[in-house]
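Asker: Here it is, the structure, as structure tokens.
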Amino acid sequence: MLLSVTVHYVLALLIERHQGRKLARLWLILAVTFSLALLGYFKYADFFIQNFNAATGMSLPLLKVALPIGISFYTFQIMSYSIDVYRGETPAQRSVIKLATYVSMFPQLIAGPIVRYVDVAAGLDEREHSVEKFRSGLRRFIIGLAKKVILANSLGELCQIFLNTTDQTVLFHWMYAIAFTLQIYFDFSGYSDMAIGLGRILGFEFLENFNYPFISKSITEFWRRWHISLSSWFRDYLYIPLGGSRVGRGRLIFNIFLVWLLTGFWHGAAWNFIVWGLIFAVLLVVEKLWITSFLEKIPAWFRHLFVMLVVVLSFVVFDAADLPLAGQRIAAMFGAGNLPWADTVTYYYLRSYGLIIVLAAVCSTPLFKWAVEKLRTKQWAEKVLTVAEPVLGIVFLLVTTGYLVDSSFNPFLYFRF
């Protein structure tokens with residue numbers, strides 16, 4: 001990280017000095033190439049060596065280098081800084097300490113959201129602190145902690161049981177798929193909430209990373225609501241520079257496939273992540289080019305059901321150790337292999353974890369947010385909410401603390417990216 005900061009610090013100053021000239025473009029290419037090479041060495045080198053060995057029959061040794069925590073996130077952050085300097089959207093930072101502070105801000109360093117320099121540049125020089133910001137940040141942090149500890153970890157228990165058991169039924173495969181989809185949402189959005197809350201306490205305002213993606217009625221809408229900082233990064237720094245949607249059909253298809261190939265690859269050096277990204281590429285191409293008008297005629301509930309089915313199945317691919325296993329699990333969900341619908345073991349786990357699945361599903365919608373907003377329109381409710389919010393915050397904090405004391409170590413899923 002320190003090497004990356006130093007290189008981009010120097011090259012961004014050179015980019016600014018030669019703004020508008022060919023040299024500025026050269027410095028930018030060097031900055032981006034350096035970051036991608038560093039990311040490639042640590043994260044993808046062994047993947048390429050393994051596949052090269054498999055294709056050629058050779059036995060090149062693996063590098064087996066340790067993956068720096070959060071490298072995918074801070075690499076994209078520092079690249080966006082140099083690109084924005086090149087575009088003239090922000091001046092180069094004169095203080096290497098402040099640039100290092102931006103890259104290494106601990107609230108969001110390990111698992112996002114991906115924070116752009118232009119969004120926090122003013123805060124690096126001067127931040128505004130207030131009791132209201134502290135209170136708001138603390139509330140957001142507690143909500144994120146509760147998402148992770150109460151919901152994500154509980155759903156993770158069911159997923160782990162599924163992975164460790166020999167019990168194979170259609171219903172259990174569906175329970176696992178739905179539980180993992182909800183787990184990764186609450187795990188990742190919980191971390192984002194905690195990062196946003198801590199950032200606010202420290203005087204920074206990070207942009208939202210999730211906006212209730214499971215209420216989406218199209219794949220396009222889903223990706224406007226899921227991991228917003230990553231999808232917007234690829235949109236602004238790759239998709240739009242390639243021409244975006246204002247190009248011919250062939251070029252549009254190429255742009256979408258390239259962006260989603262890289263989106264999948266960003267998540268991990270494995271074929272299941274690449275295929276996961278390409279699944280969404282295919283769906284987005286079909287949606288944008290052929291069925292937009294058709295979708296408008298379909299009932300909203302059916303579109304929503306279709307999106308959720310696609311998302312759940314895609315995360316089976318995402319979580320599988322390899323593609324054959326992903327195929328087996330998806331096939332099992334539709335009864336392949338003469339699997340029984342359920343058995344006594346499946347029903348036992350359904351009784352044990354059914355309530356947490358339903359609770360998580362409800363909490364993944366803006367139902368509670370709408371209810372609070374509706375209550376705020378009532379004059380009597382405002383005073384009640386003023387007292388209830390801090391009380392609920394304390395209750396959530398106590399409950400999550402109890403869960404943490406009683407549980408084993410459960411790292412955030414996105415730490416591995």
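Chains: A, B, ... in order of the structure tokens. Residues: from 1 per chain. Ligands: from 1, in order shown.
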Write out as a ChimeraX atom specification the set of residues from range 151-347 of chain A that DSSP, computed on the backbone, places in helix (DSSP H, G or I).
Answerer: /A:151-164,170-201,213-215,219-225,228-239,249-267,271-289,292-297,300-319,323-333,336-338,344-347
Asker: Near Gln93 in chain A, within 9 Å and counting only C-alpha atoms, which residues show up once chain neighbours fewer than 4 positions away are dropped, as a PyMOL selection string?
Answerer: chain A and resi 9+12-13+98-99+121
Asker: Report as a PyMOL selection string all protein, DNA and RNA residues lying within 9 Å of range 66-81 of chain A, evaluated on only C-alpha atoms, omitting residues in the same chain fewer than 4 positions from it.
Answerer: chain A and resi 1+4-5+8+12+31-32+35-36+38-39+42-43+85-86+90+92+99+102-104+108-118+230+233+237+266-267+414-417
Asker: Export N, CA and C atoms of the chosen residues as a compact mmCIF listing (two decimals), in the first residue's frame?
Answerer:
# COMPACT_ATOMS: atom_id res chain seq x y z
N MET A 1 0.82 -1.20 0.00
CA MET A 1 0.00 0.00 0.00
C MET A 1 0.86 1.26 0.00
N SER A 4 2.28 1.84 -3.36
CA SER A 4 1.25 2.32 -4.27
C SER A 4 0.96 3.80 -4.05
N VAL A 5 0.86 4.19 -2.78
CA VAL A 5 0.63 5.60 -2.46
C VAL A 5 1.77 6.47 -2.98
N HIS A 8 1.70 6.76 -6.91
CA HIS A 8 0.61 7.60 -7.39
C HIS A 8 0.77 9.05 -6.94
N ALA A 12 0.83 11.54 -9.99
CA ALA A 12 -0.28 12.50 -10.06
C ALA A 12 0.24 13.93 -10.15
N ALA A 31 0.80 5.00 -14.06
CA ALA A 31 0.16 4.87 -12.75
C ALA A 31 -0.83 3.70 -12.73
N VAL A 32 -1.68 3.64 -13.76
CA VAL A 32 -2.69 2.58 -13.83
C VAL A 32 -2.03 1.22 -14.04
N SER A 35 -0.50 -0.07 -10.78
CA SER A 35 -1.49 -0.59 -9.83
C SER A 35 -2.05 -1.94 -10.27
N LEU A 36 -2.35 -2.06 -11.56
CA LEU A 36 -2.88 -3.32 -12.07
C LEU A 36 -1.85 -4.44 -11.99
N LEU A 38 0.53 -4.64 -9.74
CA LEU A 38 0.64 -4.99 -8.33
C LEU A 38 -0.53 -5.88 -7.91
N LEU A 39 -1.73 -5.49 -8.33
CA LEU A 39 -2.92 -6.30 -8.03
C LEU A 39 -2.82 -7.67 -8.69
N PHE A 42 -0.25 -10.05 -6.77
CA PHE A 42 -0.71 -10.57 -5.48
C PHE A 42 -1.97 -11.42 -5.59
N LYS A 43 -2.88 -11.04 -6.49
CA LYS A 43 -4.20 -11.68 -6.50
C LYS A 43 -4.40 -12.69 -7.62
N VAL A 85 -7.33 13.27 -11.41
CA VAL A 85 -6.34 14.34 -11.60
C VAL A 85 -6.11 14.56 -13.09
N TYR A 86 -5.98 13.49 -13.84
CA TYR A 86 -5.78 13.58 -15.29
C TYR A 86 -6.97 14.26 -15.97
N THR A 90 -9.98 17.09 -10.04
CA THR A 90 -9.44 17.42 -8.71
C THR A 90 -7.97 17.77 -8.86
N ALA A 92 -4.01 17.69 -7.79
CA ALA A 92 -3.15 16.68 -7.16
C ALA A 92 -2.90 17.06 -5.71
N LEU A 99 -2.66 12.01 1.27
CA LEU A 99 -3.00 11.01 0.27
C LEU A 99 -3.00 9.62 0.89
N TYR A 102 -6.12 9.12 2.86
CA TYR A 102 -7.26 8.78 2.00
C TYR A 102 -7.27 7.29 1.64
N VAL A 103 -6.13 6.77 1.25
CA VAL A 103 -6.05 5.38 0.80
C VAL A 103 -6.24 4.41 1.96
N SER A 104 -5.75 4.79 3.14
CA SER A 104 -5.71 3.84 4.26
C SER A 104 -6.76 4.12 5.33
N GLN A 108 -13.28 1.95 5.98
CA GLN A 108 -13.70 1.24 4.77
C GLN A 108 -12.56 0.57 4.02
N LEU A 109 -11.39 0.51 4.63
CA LEU A 109 -10.20 0.00 3.95
C LEU A 109 -10.34 -1.45 3.52
N ILE A 110 -10.90 -2.29 4.38
CA ILE A 110 -10.84 -3.74 4.17
C ILE A 110 -11.92 -4.25 3.22
N ALA A 111 -13.10 -3.66 3.27
CA ALA A 111 -14.20 -4.20 2.45
C ALA A 111 -15.12 -3.12 1.91
N GLY A 112 -14.58 -1.95 1.66
CA GLY A 112 -15.35 -0.90 1.02
C GLY A 112 -16.29 -0.16 1.98
N PRO A 113 -17.11 0.74 1.40
CA PRO A 113 -17.25 1.02 -0.02
C PRO A 113 -16.00 1.65 -0.64
N ILE A 114 -15.90 1.57 -1.97
CA ILE A 114 -14.79 2.20 -2.68
C ILE A 114 -15.02 3.70 -2.67
N VAL A 115 -14.18 4.42 -1.94
CA VAL A 115 -14.35 5.86 -1.76
C VAL A 115 -13.47 6.61 -2.76
N ARG A 116 -14.06 7.55 -3.47
CA ARG A 116 -13.28 8.33 -4.43
C ARG A 116 -12.67 9.55 -3.74
N TYR A 117 -11.51 9.92 -4.22
CA TYR A 117 -10.77 11.02 -3.61
C TYR A 117 -11.59 12.31 -3.63
N VAL A 118 -12.29 12.57 -4.74
CA VAL A 118 -13.03 13.83 -4.86
C VAL A 118 -14.13 13.94 -3.80
N LEU A 230 -18.77 -0.06 -6.52
CA LEU A 230 -18.03 -0.83 -7.53
C LEU A 230 -18.67 -0.66 -8.91
N TRP A 233 -17.95 2.68 -10.22
CA TRP A 233 -16.54 2.82 -10.59
C TRP A 233 -16.32 2.29 -12.00
N TYR A 237 -15.24 4.81 -15.04
CA TYR A 237 -13.83 4.71 -15.45
C TYR A 237 -13.57 3.70 -16.57
N TRP A 266 -12.74 -9.15 -10.58
CA TRP A 266 -12.38 -8.30 -9.44
C TRP A 266 -12.67 -9.03 -8.13
N HIS A 267 -13.74 -9.82 -8.11
CA HIS A 267 -14.14 -10.49 -6.87
C HIS A 267 -13.21 -11.64 -6.49
N TYR A 414 -16.45 -10.28 2.53
CA TYR A 414 -15.72 -9.50 1.53
C TYR A 414 -14.28 -9.20 1.94
N PHE A 415 -13.86 -9.64 3.13
CA PHE A 415 -12.45 -9.50 3.52
C PHE A 415 -11.54 -10.24 2.54
N ARG A 416 -12.07 -11.33 1.95
CA ARG A 416 -11.23 -12.15 1.07
C ARG A 416 -11.03 -11.52 -0.31
N PHE A 417 -11.72 -10.42 -0.58
CA PHE A 417 -11.58 -9.78 -1.88
C PHE A 417 -10.63 -8.59 -1.83
Asker: Under the rule that only C-alpha atoms are counted, which of A:Ala24, A:Val358, A:Ile178, A:Phe47 is the nearest residue to Val310 in chain A?
Answerer: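 Using only C-alpha atoms, the shortest distance to Val310 in chain A belongs to A:Ile178.
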Asker: Tell me which of A:Tyr239, A:Phe141, A:Phe52, A:Phe172 sits closest to Arg351 in chain A, counting only C-alpha atoms.
Answerer: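 For Arg351 in chain A, the nearest of the given residues is A:Phe172.
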Asker: Give the answer as one residue: which of A:Ala152, A:Ile15, A:Leu198, A:Val372 has the shortest atom-to-atom distance to Ala179 in chain A, using only C-alpha atoms?
Answerer: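 Using only C-alpha atoms, the shortest distance to Ala179 in chain A belongs to A:Ala152.
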Asker: Using only C-alpha atoms, which of A:Leu262, A:Ala37, A:Val391, A:Leu207 sits nearest Arg139 in chain A?
Answerer: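 Among the listed residues, the smallest separation from Arg139 in chain A belongs to A:Val391.
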Asker: Can you measure CA of Met58 in chain A to CA of Ala321 in chain A for me? One decimal in Å is fine.
Answerer: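 If I compute the distance from CA of Met58 in chain A to CA of Ala321 in chain A, I get 23.5 Å.
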Asker: Find the spatial neighbours of range 268-275 of chain A, counting only C-alpha atoms, within a cut-off of 9 Å - ignore same-chain residues fewer than 5 positions away - and output them as a list of chain:residue names.
Answerer: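 Answer for this query is A:Lys43, A:Tyr44, A:Ala45, A:Asp46, A:Phe47, A:Phe48, A:Trp260, A:Leu261, A:Leu262, A:Thr263, A:Phe280, A:Val317, A:Phe318, A:Asp319, A:Ala320, A:Ala321, A:Asp322, A:Leu323, A:Ala326, A:Arg416, A:Phe417.
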Asker: Quick one: distance from CA of Leu155 in chain A to CA of Phe180 in chain A in Å, one decimal?
Answerer: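 Between these atoms lies a distance of 6.9 Å.
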